[in-house]
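A.B. asks: This one is input.txt, compact mmCIF, C-alpha atoms.
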# COMPACT_ATOMS: atom_id res chain seq x y z
CA MET A 1 12.32 -23.41 38.99
CA LYS A 2 13.03 -25.00 35.63
CA ARG A 3 9.36 -25.91 35.26
CA ILE A 4 8.35 -22.28 35.87
CA LEU A 5 10.83 -21.11 33.23
CA VAL A 6 9.52 -23.65 30.72
CA ILE A 7 5.91 -22.56 31.31
CA ALA A 8 6.90 -18.91 30.98
CA GLY A 9 8.73 -19.67 27.74
CA LEU A 10 5.70 -21.47 26.32
CA ALA A 11 3.52 -18.48 27.22
CA VAL A 12 5.85 -16.15 25.33
CA LEU A 13 5.79 -18.46 22.31
CA ALA A 14 2.00 -18.59 22.43
CA VAL A 15 1.72 -14.80 22.42
CA ALA A 16 4.26 -14.58 19.61
CA SER A 17 2.35 -17.12 17.53
CA ILE A 18 -0.90 -15.18 17.99
CA SER A 19 0.83 -11.97 16.92
CA SER A 20 2.56 -13.53 13.92
CA ALA A 21 -0.73 -15.03 12.76
CA GLN A 22 -1.79 -11.53 11.82
CA ASN A 23 1.11 -11.18 9.39
CA THR A 24 -0.33 -13.63 6.91
CA ALA A 25 -0.16 -13.75 3.12
CA VAL A 26 -3.84 -14.73 2.97
CA ILE A 27 -7.00 -13.05 4.24
CA ALA A 28 -8.11 -15.95 6.44
CA GLY A 29 -6.99 -15.39 10.01
CA GLY A 30 -5.69 -11.88 9.36
CA PRO A 31 -7.02 -8.45 10.34
CA HIS A 32 -9.28 -8.27 7.27
CA ASP A 33 -10.95 -11.58 8.11
CA LEU A 34 -14.01 -10.41 10.05
CA THR A 35 -15.41 -13.95 10.40
CA SER A 36 -12.72 -15.15 12.77
CA GLY A 37 -9.95 -12.57 12.43
CA SER A 38 -7.83 -11.04 15.10
CA ALA A 39 -9.60 -7.70 15.43
CA VAL A 40 -13.27 -8.61 15.55
CA ARG A 41 -15.35 -11.73 15.10
CA ASN A 42 -18.96 -11.74 14.00
CA THR A 43 -21.54 -14.31 15.01
CA ASN A 44 -24.22 -13.57 12.40
CA THR A 45 -25.67 -16.87 11.16
CA THR A 46 -26.60 -15.36 7.77
CA ILE A 47 -22.94 -14.62 7.05
CA ASN A 48 -21.97 -18.00 8.48
CA GLY A 49 -18.20 -17.73 8.19
CA GLN A 50 -17.96 -16.15 4.71
CA THR A 51 -14.47 -14.71 4.76
CA CYS A 52 -14.73 -12.51 1.64
CA ILE A 53 -18.26 -11.17 2.12
CA PHE A 54 -17.35 -7.96 3.97
CA CYS A 55 -15.57 -6.67 0.87
CA HIS A 56 -16.60 -8.75 -2.14
CA VAL A 57 -19.67 -10.56 -3.40
CA SER A 58 -19.85 -12.67 -6.55
CA HIS A 59 -23.32 -11.36 -7.52
CA GLY A 60 -25.07 -8.08 -6.79
CA GLY A 61 -22.05 -5.98 -5.94
CA ALA A 62 -21.33 -2.40 -6.93
CA ASN A 63 -21.02 -1.86 -10.69
CA GLY A 64 -17.60 -0.79 -11.92
CA LYS A 65 -15.86 -2.02 -8.77
CA PRO A 66 -14.17 -5.36 -8.06
CA MET A 67 -17.42 -7.09 -7.02
CA TRP A 68 -17.53 -4.60 -4.16
CA ASN A 69 -20.07 -5.36 -1.44
CA ARG A 70 -20.21 -1.98 0.28
CA GLY A 71 -21.57 1.45 -0.57
CA ALA A 72 -19.17 4.23 -1.48
CA PRO A 73 -18.43 7.00 1.01
CA SER A 74 -19.57 10.49 0.05
CA GLY A 75 -16.18 12.09 0.64
CA ALA A 76 -17.98 15.35 1.39
CA THR A 77 -16.39 15.82 4.80
CA TYR A 78 -12.82 14.82 3.92
CA GLN A 79 -10.13 17.24 5.01
CA LEU A 80 -7.42 16.81 2.40
CA TYR A 81 -3.65 17.00 2.44
CA THR A 82 -2.38 20.37 1.27
CA SER A 83 1.11 21.71 0.67
CA SER A 84 2.60 24.75 -1.02
CA THR A 85 4.97 22.42 -2.87
CA SER A 86 2.35 19.91 -4.06
CA ASP A 87 1.92 19.74 -7.84
CA ALA A 88 -1.11 17.40 -7.82
CA THR A 89 -4.43 17.84 -6.05
CA THR A 90 -7.67 15.93 -5.65
CA THR A 91 -11.14 16.31 -4.15
CA GLY A 92 -13.15 14.37 -1.61
CA ALA A 93 -15.53 13.24 -4.35
CA GLN A 94 -12.63 11.91 -6.43
CA ILE A 95 -11.32 9.93 -3.48
CA ALA A 96 -14.78 8.52 -2.74
CA GLY A 97 -15.16 7.34 -6.34
CA SER A 98 -11.68 5.87 -6.66
CA ILE A 99 -9.96 2.65 -5.64
CA SER A 100 -9.09 4.41 -2.37
CA GLY A 101 -12.81 4.97 -1.80
CA LEU A 102 -13.18 1.23 -1.38
CA CYS A 103 -10.71 1.30 1.50
CA MET A 104 -12.34 4.37 2.98
CA SER A 105 -15.77 2.72 2.97
CA CYS A 106 -14.56 1.03 6.15
CA HIS A 107 -11.64 3.12 7.31
CA ASP A 108 -13.13 6.62 7.30
CA GLY A 109 -15.60 5.61 10.01
CA THR A 110 -18.67 7.13 8.34
CA MET A 111 -20.30 3.81 7.44
CA ALA A 112 -20.82 0.82 9.69
CA MET A 113 -19.13 -2.45 8.84
CA ASP A 114 -22.39 -4.40 9.03
CA VAL A 115 -24.10 -2.67 6.08
CA LEU A 116 -23.50 -4.79 2.98
CA LEU A 117 -25.05 -4.69 -0.49
CA ASN A 118 -25.68 -8.40 -0.85
CA VAL A 119 -25.49 -11.39 1.45
CA ASN A 120 -27.06 -14.59 0.13
CA GLY A 121 -29.10 -12.55 -2.33
CA LEU A 122 -30.39 -9.90 0.06
CA PRO A 123 -29.07 -6.60 1.47
CA LEU A 124 -27.70 -6.91 4.98
CA THR A 125 -28.60 -3.90 7.10
CA SER A 126 -29.39 -5.68 10.33
CA THR A 127 -27.11 -5.60 13.33
CA VAL A 128 -24.19 -7.99 13.18
CA SER A 129 -22.87 -9.05 16.53
CA PHE A 130 -19.15 -8.30 16.70
CA THR A 131 -16.89 -9.38 19.52
CA LYS A 132 -13.74 -7.30 19.91
CA GLN A 133 -10.61 -9.41 20.39
CA GLY A 134 -7.65 -8.57 22.60
CA THR A 135 -5.41 -7.99 19.58
CA ALA A 136 -7.69 -5.32 18.07
CA LYS A 137 -5.86 -2.05 17.44
CA SER A 138 -8.97 0.10 17.34
CA THR A 139 -12.24 0.60 19.18
CA TYR A 140 -15.49 -0.76 17.75
CA THR A 141 -18.67 0.97 18.83
CA SER A 142 -22.26 1.69 17.80
CA VAL A 143 -22.44 4.56 15.30
CA GLY A 144 -23.51 5.08 11.71
CA THR A 145 -26.22 3.24 9.80
CA GLY A 146 -25.47 -0.12 11.34
CA ALA A 147 -24.37 -1.15 14.78
CA SER A 148 -20.62 -1.63 14.57
CA ASN A 149 -17.95 0.67 13.28
CA LEU A 150 -14.28 1.56 13.46
CA MET A 151 -13.99 4.37 15.96
CA GLY A 152 -11.37 5.77 18.30
CA GLY A 153 -7.60 5.47 18.15
CA GLY A 154 -5.51 2.96 16.34
CA LEU A 155 -4.30 2.35 12.83
CA PRO A 156 -7.53 0.95 11.31
CA PHE A 157 -9.44 4.17 11.95
CA LEU A 158 -8.31 6.89 9.52
CA GLY A 159 -11.35 9.11 9.97
CA THR A 160 -12.20 11.89 7.53
CA ASP A 161 -9.24 14.11 8.42
CA LEU A 162 -6.67 13.07 5.81
CA ARG A 163 -4.35 16.04 6.24
CA ASN A 164 -1.65 13.90 7.83
CA ASP A 165 -1.91 11.07 5.29
CA HIS A 166 -0.23 10.70 1.92
CA PRO A 167 -2.55 12.17 -0.74
CA VAL A 168 -4.47 9.61 -2.78
CA SER A 169 -6.37 9.75 -6.07
CA ILE A 170 -3.82 12.23 -7.39
CA ILE A 171 -2.62 11.85 -10.99
CA TYR A 172 1.00 10.76 -10.77
CA GLU A 173 2.01 12.22 -14.13
CA THR A 174 0.69 15.64 -13.11
CA ALA A 175 3.21 15.76 -10.29
CA ARG A 176 6.00 14.13 -12.30
CA GLY A 177 5.43 16.36 -15.30
CA ALA A 178 5.67 19.48 -13.14
CA SER A 179 8.89 18.34 -11.42
CA PRO A 180 10.41 15.52 -13.51
CA ALA A 181 13.69 15.60 -11.61
CA GLU A 182 11.87 14.72 -8.39
CA PHE A 183 9.85 11.70 -9.54
CA VAL A 184 10.63 8.29 -11.01
CA THR A 185 9.17 7.69 -14.48
CA GLN A 186 6.36 5.16 -14.48
CA VAL A 187 6.50 1.97 -16.56
CA THR A 188 3.62 0.49 -18.57
CA SER A 189 3.55 -3.28 -19.18
CA GLY A 190 0.38 -4.38 -20.94
CA VAL A 191 -2.46 -3.00 -18.81
CA LYS A 192 -0.29 -2.63 -15.72
CA ILE A 193 1.26 0.71 -14.77
CA SER A 194 3.87 0.77 -12.03
CA VAL A 195 6.68 2.90 -10.66
CA GLY A 196 9.92 1.99 -8.91
CA ALA A 197 13.05 0.11 -9.89
CA SER A 198 12.89 -2.58 -7.19
CA SER A 199 9.54 -4.24 -6.41
CA PRO A 200 7.62 -1.46 -8.20
CA VAL A 201 4.32 -0.25 -6.77
CA PRO A 202 1.16 -0.06 -8.91
CA LEU A 203 -0.61 3.01 -10.23
CA TYR A 204 -4.26 2.83 -11.26
CA GLY A 205 -5.75 4.00 -14.55
CA ALA A 206 -6.01 3.32 -18.25
CA SER A 207 -2.79 5.11 -19.20
CA SER A 208 0.36 6.52 -17.65
CA VAL A 209 -0.98 10.01 -18.32
CA THR A 210 -4.04 9.55 -16.09
CA ALA A 211 -2.91 6.81 -13.67
CA THR A 212 -3.39 7.70 -10.01
CA VAL A 213 -1.70 7.01 -6.69
CA GLU A 214 -4.10 5.14 -4.42
CA CYS A 215 -4.08 3.51 -1.00
CA ALA A 216 -3.48 0.22 -2.82
CA SER A 217 -0.30 1.60 -4.38
CA CYS A 218 1.47 1.12 -1.06
CA HIS A 219 -0.87 -1.37 0.64
CA ASN A 220 -2.01 -4.81 -0.51
CA PRO A 221 -5.26 -5.57 1.35
CA HIS A 222 -4.88 -9.29 0.64
CA ASN A 223 -1.37 -9.74 2.04
CA ASN A 224 -0.25 -8.68 5.51
CA THR A 225 3.09 -10.49 5.56
CA LEU A 226 4.99 -7.27 6.32
CA GLY A 227 2.39 -5.77 8.63
CA SER A 228 0.16 -2.77 7.89
CA PHE A 229 -0.56 -4.55 4.58
CA LEU A 230 2.56 -2.96 3.06
CA ARG A 231 3.44 -4.03 -0.47
CA LYS A 232 7.12 -4.04 0.41
CA SER A 233 9.37 -3.19 3.32
CA ASN A 234 9.82 0.53 3.89
CA SER A 235 13.31 -0.01 5.30
CA GLY A 236 15.46 2.88 4.16
CA SER A 237 12.27 4.60 2.93
CA ALA A 238 12.08 2.07 0.10
CA ILE A 239 8.37 2.66 -0.54
CA CYS A 240 8.85 6.43 -0.63
CA LEU A 241 11.80 6.08 -3.02
CA SER A 242 9.67 4.03 -5.41
CA CYS A 243 8.21 7.34 -6.59
CA HIS A 244 10.29 10.14 -5.08
CA ILE A 245 13.86 11.00 -6.10
CA LYS A 246 15.73 12.48 -3.16
Before we go any further, please render this structure as structure tokens.
C.D. replies:
Amino acid sequence: MKRILVIAGLAVLAVASISSAQNTAVIAGGPHDLTSGSAVRNTNTTINGQTCIFCHVSHGGANGKPMWNRGAPSGATYQLYTSSTSDATTTGAQIAGSISGLCMSCHDGTMAMDVLLNVNGLPLTSTVSFTKQGTAKSTYTSVGTGASNLMGGGLPFLGTDLRNDHPVSIIYETARGASPAEFVTQVTSGVKISVGASSPVPLYGASSVTATVECASCHNPHNNTLGSFLRKSNSGSAICLSCHIK
């Protein structure tokens, strides 16, 4: 009986260790590691275990982006968040051309994951063989330009209907200026613009007047310690209260 309990306990620990491996402070081994990550693994010999290649490339990436290795979404079909009380608006084209557009190049489901601008000096448009892992939170199927994509339910797949998501690519100061009593004043330190008293979140732009709220304001794609790539714990709505005064 004791032996059975010990084996059962070890099985629980094994499952827990697999789950906790996803909450890593580095890309390797996490959900954004498509070489050997938890969600999908690719077996393409050209990529050959390059952890960063699905997002970044040191040469031949998109101009004006952080060595970005994917094409930008069009944003033409985005359904955007609307509200009668919203003081800041955006367009699908603005989202597609922003920092958030980088995230959406995978997460809106309109472009396949295996279409990259540059791999070892050449475009990669051939089919990459992905194997879905048991810990994947979404469904991967054959649609789009390439063979594998984020489709179906689950957190990774946002789709093009953004009406139930926090608006992105909106100018923060536009909203704050219209209702200053409802928003925290942003802080500029050198080239960095942030908002929030405790563990402030970043805004993106050249000045506090034009800086925008992006997906990366709340999510850090390189650190999944807290899960969902959150920049800080949202306990007590801490992330919300970084910007909003309630």
A.B. asks: Which of these, A:His56, A:His244, A:Pro200, A:Val213, has the shortest distance to Arg231 in chain A once you count only C-alpha atoms?
C.D. replies: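 Ranking A:His56, A:His244, A:Pro200, A:Val213 by distance to Arg231 in chain A, first place goes to A:Pro200.
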A.B. asks: Which residues are close to Arg176 in chain A, i.e. within 10 Å by all atoms listed in the file, leaving aside same-chain residues fewer than 6 positions away? Reply as a PyMOL selection string.
C.D. replies: chain A and resi 87-88+182-186+243-244
A.B. asks: Just the selected residues (C-alpha atoms), exported as a CSV table (one decimal), in the frame of the given file, please.
C.D. replies:
chain,number,residue,atom,x,y,z
A,87,ASP,CA,1.9,19.7,-7.8
A,88,ALA,CA,-1.1,17.4,-7.8
A,182,GLU,CA,11.9,14.7,-8.4
A,183,PHE,CA,9.8,11.7,-9.5
A,184,VAL,CA,10.6,8.3,-11.0
A,185,THR,CA,9.2,7.7,-14.5
A,186,GLN,CA,6.4,5.2,-14.5
A,243,CYS,CA,8.2,7.3,-6.6
A,244,HIS,CA,10.3,10.1,-5.1
A.B. asks: Hey, what's within 10 Å of Ser199 in chain A if we count only C-alpha atoms and toss same-chain stuff fewer than 3 positions away? As a ChimeraX atom specification, please?
C.D. replies: /A:194-196,202,231-233,238-239,242
A.B. asks: Please produce, as a tab-separated table, a per-residue contact table for range 36-88 of chain A versus range 152-171 of chain A (criterion: any atom at most 7 Å away, only C-alpha atoms considered), showing the nearest atom pair and its distance in Å to one decimal, sorted by chain then residue number.
C.D. replies:
residue	atom	partner	partner_atom	distance
A:Thr77	CA	A:Thr160	CA	6.4
A:Tyr78	CA	A:Thr160	CA	4.7
A:Gln79	CA	A:Asp161	CA	4.7
A:Leu80	CA	A:Arg163	CA	5.0
A:Tyr81	CA	A:Arg163	CA	4.0
A:Thr82	CA	A:Arg163	CA	6.9
A:Ala88	CA	A:Ile170	CA	5.9
A.B. asks: Calculate how many Å separate CA of Ser83 in chain A from CA of Ala175 in chain A, rounding to one decimal.
C.D. replies: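 Computing it gives 12.6 Å between the two atoms.
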A.B. asks: At most 9 Å from (-15.7, -0.3, 0.2), file frame, all atoms listed in the file: which residues, as a VMD selection string?
C.D. replies: chain A and resid 54 to 56 68 to 73 99 to 107
A.B. asks: Nearest to Ser208 in chain A: which of A:Glu173, A:Ser237, A:His222, A:Leu122 is it, counting only C-alpha atoms?
C.D. replies: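 Among A:Glu173, A:Ser237, A:His222, A:Leu122, it is A:Glu173 that comes nearest to Ser208 in chain A.
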A.B. asks: So which one's closest to Lys192 in chain A, A:Gly205, A:Gly29, A:Gly97, A:Gly177? Using all atoms listed in the file, please.
C.D. replies: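 With all atoms listed in the file as the atom set, the closest residue is A:Gly205.
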A.B. asks: Please indicate the distance in Å from CA of Asn223 in chain A to CA of Ala25 in chain A, rounded to one decimal place.
C.D. replies: 4.3 Å
A.B. asks: For CA of Tyr204 in chain A and CA of Ser98 in chain A, determine how far apart the two atoms are, in Å to one decimal place.
C.D. replies: 9.2 Å
A.B. asks: May I have the protein, DNA and RNA residues with any atom at most 12 Å from the point (-5.1, 3.9, -21.0), counting only C-alpha atoms, written as a PyMOL selection string?
C.D. replies: chain A and resi 188-193+203-212
A.B. asks: I'd like the neighbourhood of Thr225 in chain A as a list in words, where a residue qualifies if any of its atoms comes within 9 Å (using only C-alpha atoms), though same-chain residues fewer than 3 positions away should be ignored.
C.D. replies: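 The neighbour list is Ser20, Gln22, Asn23, Thr24, Ala25, Val26, Ser228, Phe229, Leu230 and Arg231 of chain A.
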A.B. asks: Which residues come within 8 Å of Leu124 in chain A, counting all atoms listed in the file, excluding same-chain residues fewer than 5 positions away, as a tab-separated table (two decimals) with C-alpha atoms, in the frame of the given file?
C.D. replies:
chain	number	residue	atom	x	y	z
A	114	ASP	CA	-22.39	-4.40	9.03
A	115	VAL	CA	-24.10	-2.67	6.08
A	116	LEU	CA	-23.50	-4.79	2.98
A	117	LEU	CA	-25.05	-4.69	-0.49
A	118	ASN	CA	-25.68	-8.40	-0.85
A	119	VAL	CA	-25.49	-11.39	1.45
A.B. asks: Check the smallest atom-to-atom distance from each of A:Ser217, A:Ser179, A:Ser198, A:Asn224 to Ser86 in chain A using all atoms listed in the file, then report the winner.
C.D. replies: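 Answer, going by the shortest atom-to-atom distance: A:Ser179.
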A.B. asks: Would you mind putting N, CA and C atoms back on range 95-109 of chain A and writing the result as a tab-separated table (two decimals), keeping the file's coordinate frame?
C.D. replies:
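Generated file (selection12.tsv):
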chain	number	residue	atom	x	y	z
A	95	ILE	N	-11.78	11.01	-4.36
A	95	ILE	CA	-11.32	9.93	-3.48
A	95	ILE	C	-12.43	8.92	-3.27
A	96	ALA	N	-13.65	9.40	-3.00
A	96	ALA	CA	-14.78	8.52	-2.74
A	96	ALA	C	-15.09	7.62	-3.93
A	97	GLY	N	-14.85	8.12	-5.15
A	97	GLY	CA	-15.16	7.34	-6.34
A	97	GLY	C	-14.00	6.53	-6.88
A	98	SER	N	-12.89	6.55	-6.17
A	98	SER	CA	-11.68	5.87	-6.66
A	98	SER	C	-11.46	4.54	-5.96
A	99	ILE	N	-10.36	3.88	-6.33
A	99	ILE	CA	-9.96	2.65	-5.64
A	99	ILE	C	-9.80	2.91	-4.15
A	100	SER	N	-9.27	4.07	-3.78
A	100	SER	CA	-9.09	4.41	-2.37
A	100	SER	C	-10.43	4.53	-1.66
A	101	GLY	N	-11.48	4.89	-2.39
A	101	GLY	CA	-12.81	4.97	-1.80
A	101	GLY	C	-13.28	3.63	-1.26
A	102	LEU	N	-12.82	2.55	-1.88
A	102	LEU	CA	-13.18	1.23	-1.38
A	102	LEU	C	-12.59	1.03	0.01
A	103	CYS	N	-11.35	1.42	0.18
A	103	CYS	CA	-10.71	1.30	1.50
A	103	CYS	C	-11.43	2.20	2.51
A	104	MET	N	-11.75	3.41	2.08
A	104	MET	CA	-12.34	4.37	2.98
A	104	MET	C	-13.77	4.00	3.37
A	105	SER	N	-14.41	3.12	2.62
A	105	SER	CA	-15.77	2.72	2.97
A	105	SER	C	-15.81	2.00	4.32
A	106	CYS	N	-14.68	1.53	4.78
A	106	CYS	CA	-14.56	1.03	6.15
A	106	CYS	C	-13.76	1.99	7.02
A	107	HIS	N	-12.65	2.46	6.47
A	107	HIS	CA	-11.64	3.12	7.31
A	107	HIS	C	-11.90	4.59	7.60
A	108	ASP	N	-12.87	5.22	6.94
A	108	ASP	CA	-13.13	6.62	7.30
A	108	ASP	C	-14.14	6.74	8.44
A	109	GLY	N	-14.73	5.62	8.84
A	109	GLY	CA	-15.60	5.61	10.01
A	109	GLY	C	-16.97	6.18	9.81
